[in-house]
Every structure is written in structure tokens, then in C-alpha cells.
2 protein chains.
Amino acid sequence: MSSVDAAVDPRISRTRNDVLAVALRLLIEEGSDAVTHAHVARTAGYAKATLYRHWPTRSELLQDALARVGEVQHHSPTGDLRTDLIEEVKVYRREMELNQLDRALVALVGLLPSTPALAGVRDTLVRDGERVLREMLAAHLSGPELDAAALMLVGGVLQSALMHGALPDDEVIAAAVDLVLTNFDLDTTQRSSR
Amino acid sequence: MSSVDAAVDPRISRTRNDVLAVALRLLIEEGSDAVTHAHVARTAGYAKATLYRHWPTRSELLQDALARVGEVQHHSPTGDLRTDLIEEVKVYRREMELNQLDRALVALVGLLPSTPALAGVRDTLVRDGERVLREMLAAHLSGPELDAAALMLVGGVLQSALMHGALPDDEVIAAAVDLVLTNFDLDTTQRSSR
């Protein structure tokens, strides 16, 4: 529905973009209580009625705002597997560094019990978020090994950000990829010298 | 201070335990807004004044409640490295399954911007939480490799719980440990048959 609106009129598209960017920023910086139609409208400089027209409920506003978290520029594989895995893991780190992805995810997960409709947003985020990494890994791993490798490479960045309060440095990301890479059946030119 | 109180009078110790258990449960089930002196006192069946005597501020109440998350029964190493690593990773899964550790961690991280004193609680939780696993890994890895392996094994469980909304099954945990284990210099009797 809303995407049709946006196609019809670029002003509507701009309004939606402005409002959702503000809603996401408030969610990250002030917490979920800050995301009300009134507060978002005031902060974004739009009428509250405009927001209600686009998003009749708070759940819809939160869903669309958090869906923006998934608009990530993934790494374009070069064919050098080690480089590609490292660069793709760094995509998560960059999103946390530049766009506070870690805080957005914490907000999303924290809202799930009160706003179950966000489970769909989370599922889409995770599927899109892990897709490129899983495709790279799937050339060499499958089944529980593939799941484990994907969960560990992404989860290592998450654990570092959330629980250590610091993003992993280049050396740790390279070490993480190498720990997984040792398990691949590769010719030695592709294997790192460890 | 409070530990001295507790040593002096078992009733005080019981009061503290009762109240903190309720505060942690409310935090997990109803969110951080539910953790007020008034609501916790009412739910736990104590006078509000009693709570204020033990925890003059909300920050102190939250700190002590969240510190309980760290009271975890870790795996006692058997000497079989593969089994020990698997069992220790399962400790995290069990804590999430039985005690909603994942939800408590999300609540903690979500509260950090407004309650900076919780950073100390988080740091202690992480240090104690990763200690046994890091000791096992440190016999075979060091530096960035050790950091990467610890972050990935714990982070894989976190990623699964928070972002996939499901805990990893036994096969995925075993596969995660085996991916790391392949990198160890072990005699073949200790290595899994993969």
C-alpha cells in the first residue's frame, strides 16, 4: 500500500523517509518510549495527523522504521574467499559503527514481547543480513556446520558490541574468518598462511 | 556494605534475595519501566520504605538485580576438550532456556544509555561468563585467535537466541565447537572424527 503511494508522489516518499529516519533515530537514542506519533511528528516537523495517515498504529510506525535497518550495502564478492568473508563480516561492524545497528537490534528485540508484529521485521532483517555470508559459506559447508559458521561469524561481532561494549578490531575479524576457513577444502593458494 | 548486612542477619539476606528475584523477573517480563521501587515492593510483598533502605536509587536496585544474572553454574572440565567446550557452550543455552538470560542481557544493554552504572555489571557478567570457556581455549589459542574463538562460541548462541528467536540445537553447538577445534594442535585421539 505505502509503496504504491510513494510511487505516485515523490513528496509522499520524502515525507515517509524523513519521518522513518527520525523515528529510528529516536528509538536508538531515546529508547522505544520516545517513538510516539506525537513525539516523532514534532521532532520531524510534520503534523501528527500526517503520521497517523501513513501509520495508523504505533506498531506500523515501528515496523517501517526498523525495516530501514536492513538497507545495508553488502560486500560484492571478489572471488578471493578469505577477503570476501572478512569484508562481509566488516559490513556488520561498519553498520554498528556508522548506523548503530547494535542499538537498533537491541531496541527491536526488547520491543518483541509488547509488539509481536516486529518478529516479521526481525526475520527479514536476519535473512537479508546473513544471506551474502551464507552464500559464501555454502560453497564449502552445509547443514549444522553452515549454520554454526554463519551464527558464529555474525554473533562474534554482536557479542563484542553488546557485551564487551567495543567492536572487534581487524585482527580479531581476520582470526575469526581464519578459524572457520581452516575447515574448508581449499587449494593452498586460497588458504591463509597461518 | 550489603553483604555485611546479609551476614549479620539472615532475614535481611532473605529480604534482599526475594526483592532482587522479583525485580529481575519484572525487568525480563515487563521491561525496564516496571522496575520502580513501588512496583517491585508491591509485587514482592515488602514495604516501599524497606526497598529504599536497601537500594536508595533505582540504579542500585537494577545493578543488584542484574548482577544475579551472573550466578551461573559453569561446566566442570572433565579433561575431554571437545566435550568440555560443548558442555560449556550449552551452559549459555541452558541459562537462556531456563532463566531467560538472553532477555536479561537485552534489558541490561538497553538500559546502559540511561543507567551508565550498569556498565560495571555488564563487564563483570562478561568476564565471569566467558572465563571458563577462555581458560579451555587458552591452552591452544592466544591473542586475536583466542578472542575470536571465545566471541564466536558465545556470540553464536546470542545471535541464534536474539536474531533467530530460537536456541541452537545440539548439532549446531557441536559443529561450532568442531569448527574451532580443527585449529588446535591436538593428538588425533582428542580430535573429533569429522
# chains A, B, ... in the order shown; residues from 1 in each chain; ligands from 1

call {"tool": "interface_residues", "arguments": {"of": "chain B", "to": "chain A", "cutoff": "6 Å", "atoms": "only C-alpha atoms", "output": "list in words"}}
result
Val106, Pro144, Glu145, Ala148, Leu151, Met152, Gly155, Gly156, Gln159, Val172, Ala175, Ala176, Leu179 and Val180 of chain B

call {"tool": "select_by_dssp", "arguments": {"residues": "segment 101-179 of chain B", "states": "helix (DSSP H, G or I)", "output": "ChimeraX atom specification"}}
result
/B:101-111,118-138,143-163,170-179

call {"tool": "residues_around", "arguments": {"residues": "segment 51-63 of chain A", "least_positions_apart": "2", "cutoff": "9 Å", "atoms": "only C-alpha atoms", "output": "list in words"}}
result
Ser2, Arg16, Val19, Leu20, Ala23, Leu24, Leu27, Ser32, Val35, Thr36, His37, Ala38, Val40, Ala41, Tyr46, Ala47, Lys48, Ala49, Ala65, Leu66, Ala67, Arg68, Leu108, Thr115, Pro116, Ala117, Leu118, Gly120 and Val121 of chain A

call {"tool": "write_last_selection", "arguments": {"atoms": "N, CA, C and O atoms", "output": "mmCIF file, in the first residue's frame"}}
result
data_model
loop_
_atom_site.group_PDB
_atom_site.id
_atom_site.type_symbol
_atom_site.label_atom_id
_atom_site.label_comp_id
_atom_site.auth_asym_id
_atom_site.auth_seq_id
_atom_site.Cartn_x
_atom_site.Cartn_y
_atom_site.Cartn_z
ATOM 1 N N SER A 2 1.755 1.339 0.984
ATOM 2 C CA SER A 2 2.558 2.542 1.104
ATOM 3 C C SER A 2 3.536 2.683 -0.060
ATOM 4 O O SER A 2 3.821 3.794 -0.476
ATOM 5 N N ARG A 16 7.682 10.110 4.050
ATOM 6 C CA ARG A 16 7.889 8.813 4.701
ATOM 7 C C ARG A 16 9.342 8.634 5.114
ATOM 8 O O ARG A 16 9.643 8.182 6.223
ATOM 9 N N VAL A 19 10.237 10.940 8.137
ATOM 10 C CA VAL A 19 9.613 10.512 9.390
ATOM 11 C C VAL A 19 10.261 9.224 9.903
ATOM 12 O O VAL A 19 10.573 9.100 11.092
ATOM 13 N N LEU A 20 10.493 8.269 9.003
ATOM 14 C CA LEU A 20 11.051 6.990 9.444
ATOM 15 C C LEU A 20 12.484 7.155 9.945
ATOM 16 O O LEU A 20 12.899 6.492 10.901
ATOM 17 N N ALA A 23 12.104 8.536 13.402
ATOM 18 C CA ALA A 23 11.585 7.509 14.315
ATOM 19 C C ALA A 23 12.697 6.540 14.710
ATOM 20 O O ALA A 23 12.846 6.176 15.886
ATOM 21 N N LEU A 24 13.504 6.130 13.740
ATOM 22 C CA LEU A 24 14.591 5.182 14.026
ATOM 23 C C LEU A 24 15.641 5.834 14.931
ATOM 24 O O LEU A 24 16.137 5.215 15.877
ATOM 25 N N LEU A 27 14.301 6.038 18.418
ATOM 26 C CA LEU A 27 14.282 4.697 19.015
ATOM 27 C C LEU A 27 15.665 4.333 19.544
ATOM 28 O O LEU A 27 15.821 3.818 20.654
ATOM 29 N N SER A 32 12.485 3.086 23.209
ATOM 30 C CA SER A 32 11.237 2.830 22.495
ATOM 31 C C SER A 32 10.096 3.739 22.963
ATOM 32 O O SER A 32 9.201 4.062 22.181
ATOM 33 N N VAL A 35 9.182 6.722 20.803
ATOM 34 C CA VAL A 35 8.544 6.576 19.496
ATOM 35 C C VAL A 35 7.028 6.590 19.635
ATOM 36 O O VAL A 35 6.361 5.551 19.654
ATOM 37 N N THR A 36 6.476 7.800 19.793
ATOM 38 C CA THR A 36 5.033 8.007 19.754
ATOM 39 C C THR A 36 4.753 8.880 18.536
ATOM 40 O O THR A 36 5.636 9.612 18.081
ATOM 41 N N HIS A 37 3.531 8.824 18.016
ATOM 42 C CA HIS A 37 3.188 9.673 16.874
ATOM 43 C C HIS A 37 3.473 11.143 17.180
ATOM 44 O O HIS A 37 4.026 11.871 16.357
ATOM 45 N N ALA A 38 3.109 11.580 18.392
ATOM 46 C CA ALA A 38 3.262 12.987 18.752
ATOM 47 C C ALA A 38 4.733 13.404 18.761
ATOM 48 O O ALA A 38 5.106 14.418 18.156
ATOM 49 N N VAL A 40 7.430 11.878 17.474
ATOM 50 C CA VAL A 40 8.094 11.734 16.176
ATOM 51 C C VAL A 40 7.660 12.875 15.249
ATOM 52 O O VAL A 40 8.488 13.485 14.562
ATOM 53 N N ALA A 41 6.361 13.183 15.239
ATOM 54 C CA ALA A 41 5.852 14.266 14.380
ATOM 55 C C ALA A 41 6.518 15.589 14.735
ATOM 56 O O ALA A 41 7.013 16.309 13.865
ATOM 57 N N TYR A 46 6.477 17.427 11.145
ATOM 58 C CA TYR A 46 5.257 17.138 10.381
ATOM 59 C C TYR A 46 4.062 17.154 11.330
ATOM 60 O O TYR A 46 4.233 17.038 12.558
ATOM 61 N N ALA A 47 2.882 17.268 10.753
ATOM 62 C CA ALA A 47 1.673 17.232 11.572
ATOM 63 C C ALA A 47 1.425 15.803 12.054
ATOM 64 O O ALA A 47 1.683 14.843 11.337
ATOM 65 N N LYS A 48 0.923 15.711 13.290
ATOM 66 C CA LYS A 48 0.622 14.399 13.856
ATOM 67 C C LYS A 48 -0.371 13.652 12.965
ATOM 68 O O LYS A 48 -0.262 12.441 12.775
ATOM 69 N N ALA A 49 -1.328 14.403 12.380
ATOM 70 C CA ALA A 49 -2.349 13.773 11.516
ATOM 71 C C ALA A 49 -1.704 13.114 10.301
ATOM 72 O O ALA A 49 -2.166 12.068 9.823
ATOM 73 N N ALA A 65 10.002 1.760 10.544
ATOM 74 C CA ALA A 65 11.260 2.400 10.963
ATOM 75 C C ALA A 65 12.360 1.346 11.095
ATOM 76 O O ALA A 65 13.482 1.531 10.616
ATOM 77 N N LEU A 66 12.033 0.227 11.726
ATOM 78 C CA LEU A 66 13.060 -0.803 11.950
ATOM 79 C C LEU A 66 13.404 -1.549 10.665
ATOM 80 O O LEU A 66 14.513 -2.076 10.530
ATOM 81 N N ALA A 67 12.481 -1.585 9.722
ATOM 82 C CA ALA A 67 12.777 -2.243 8.443
ATOM 83 C C ALA A 67 13.923 -1.531 7.725
ATOM 84 O O ALA A 67 14.665 -2.140 6.955
ATOM 85 N N ARG A 68 14.074 -0.228 7.993
ATOM 86 C CA ARG A 68 15.155 0.533 7.352
ATOM 87 C C ARG A 68 16.536 0.049 7.769
ATOM 88 O O ARG A 68 17.524 0.281 7.062
ATOM 89 N N LEU A 108 14.845 -3.486 18.885
ATOM 90 C CA LEU A 108 13.897 -4.374 18.219
ATOM 91 C C LEU A 108 13.571 -5.587 19.107
ATOM 92 O O LEU A 108 12.403 -5.891 19.365
ATOM 93 N N THR A 115 5.265 -5.932 21.107
ATOM 94 C CA THR A 115 4.898 -5.653 19.718
ATOM 95 C C THR A 115 5.252 -6.852 18.841
ATOM 96 O O THR A 115 6.218 -6.818 18.072
ATOM 97 N N PRO A 116 4.475 -7.937 18.965
ATOM 98 C CA PRO A 116 4.829 -9.204 18.292
ATOM 99 C C PRO A 116 4.958 -9.068 16.774
ATOM 100 O O PRO A 116 5.677 -9.863 16.146
ATOM 101 N N ALA A 117 4.295 -8.053 16.183
ATOM 102 C CA ALA A 117 4.368 -7.897 14.727
ATOM 103 C C ALA A 117 5.796 -7.623 14.265
ATOM 104 O O ALA A 117 6.126 -7.811 13.086
ATOM 105 N N LEU A 118 6.662 -7.199 15.184
ATOM 106 C CA LEU A 118 8.052 -6.926 14.818
ATOM 107 C C LEU A 118 8.844 -8.203 14.533
ATOM 108 O O LEU A 118 9.943 -8.140 13.984
ATOM 109 N N GLY A 120 8.250 -10.335 12.323
ATOM 110 C CA GLY A 120 8.402 -10.409 10.873
ATOM 111 C C GLY A 120 9.537 -9.518 10.379
ATOM 112 O O GLY A 120 10.293 -9.908 9.483
ATOM 113 N N VAL A 121 9.661 -8.331 10.959
ATOM 114 C CA VAL A 121 10.753 -7.421 10.597
ATOM 115 C C VAL A 121 12.090 -8.060 10.963
ATOM 116 O O VAL A 121 13.038 -8.055 10.168
#
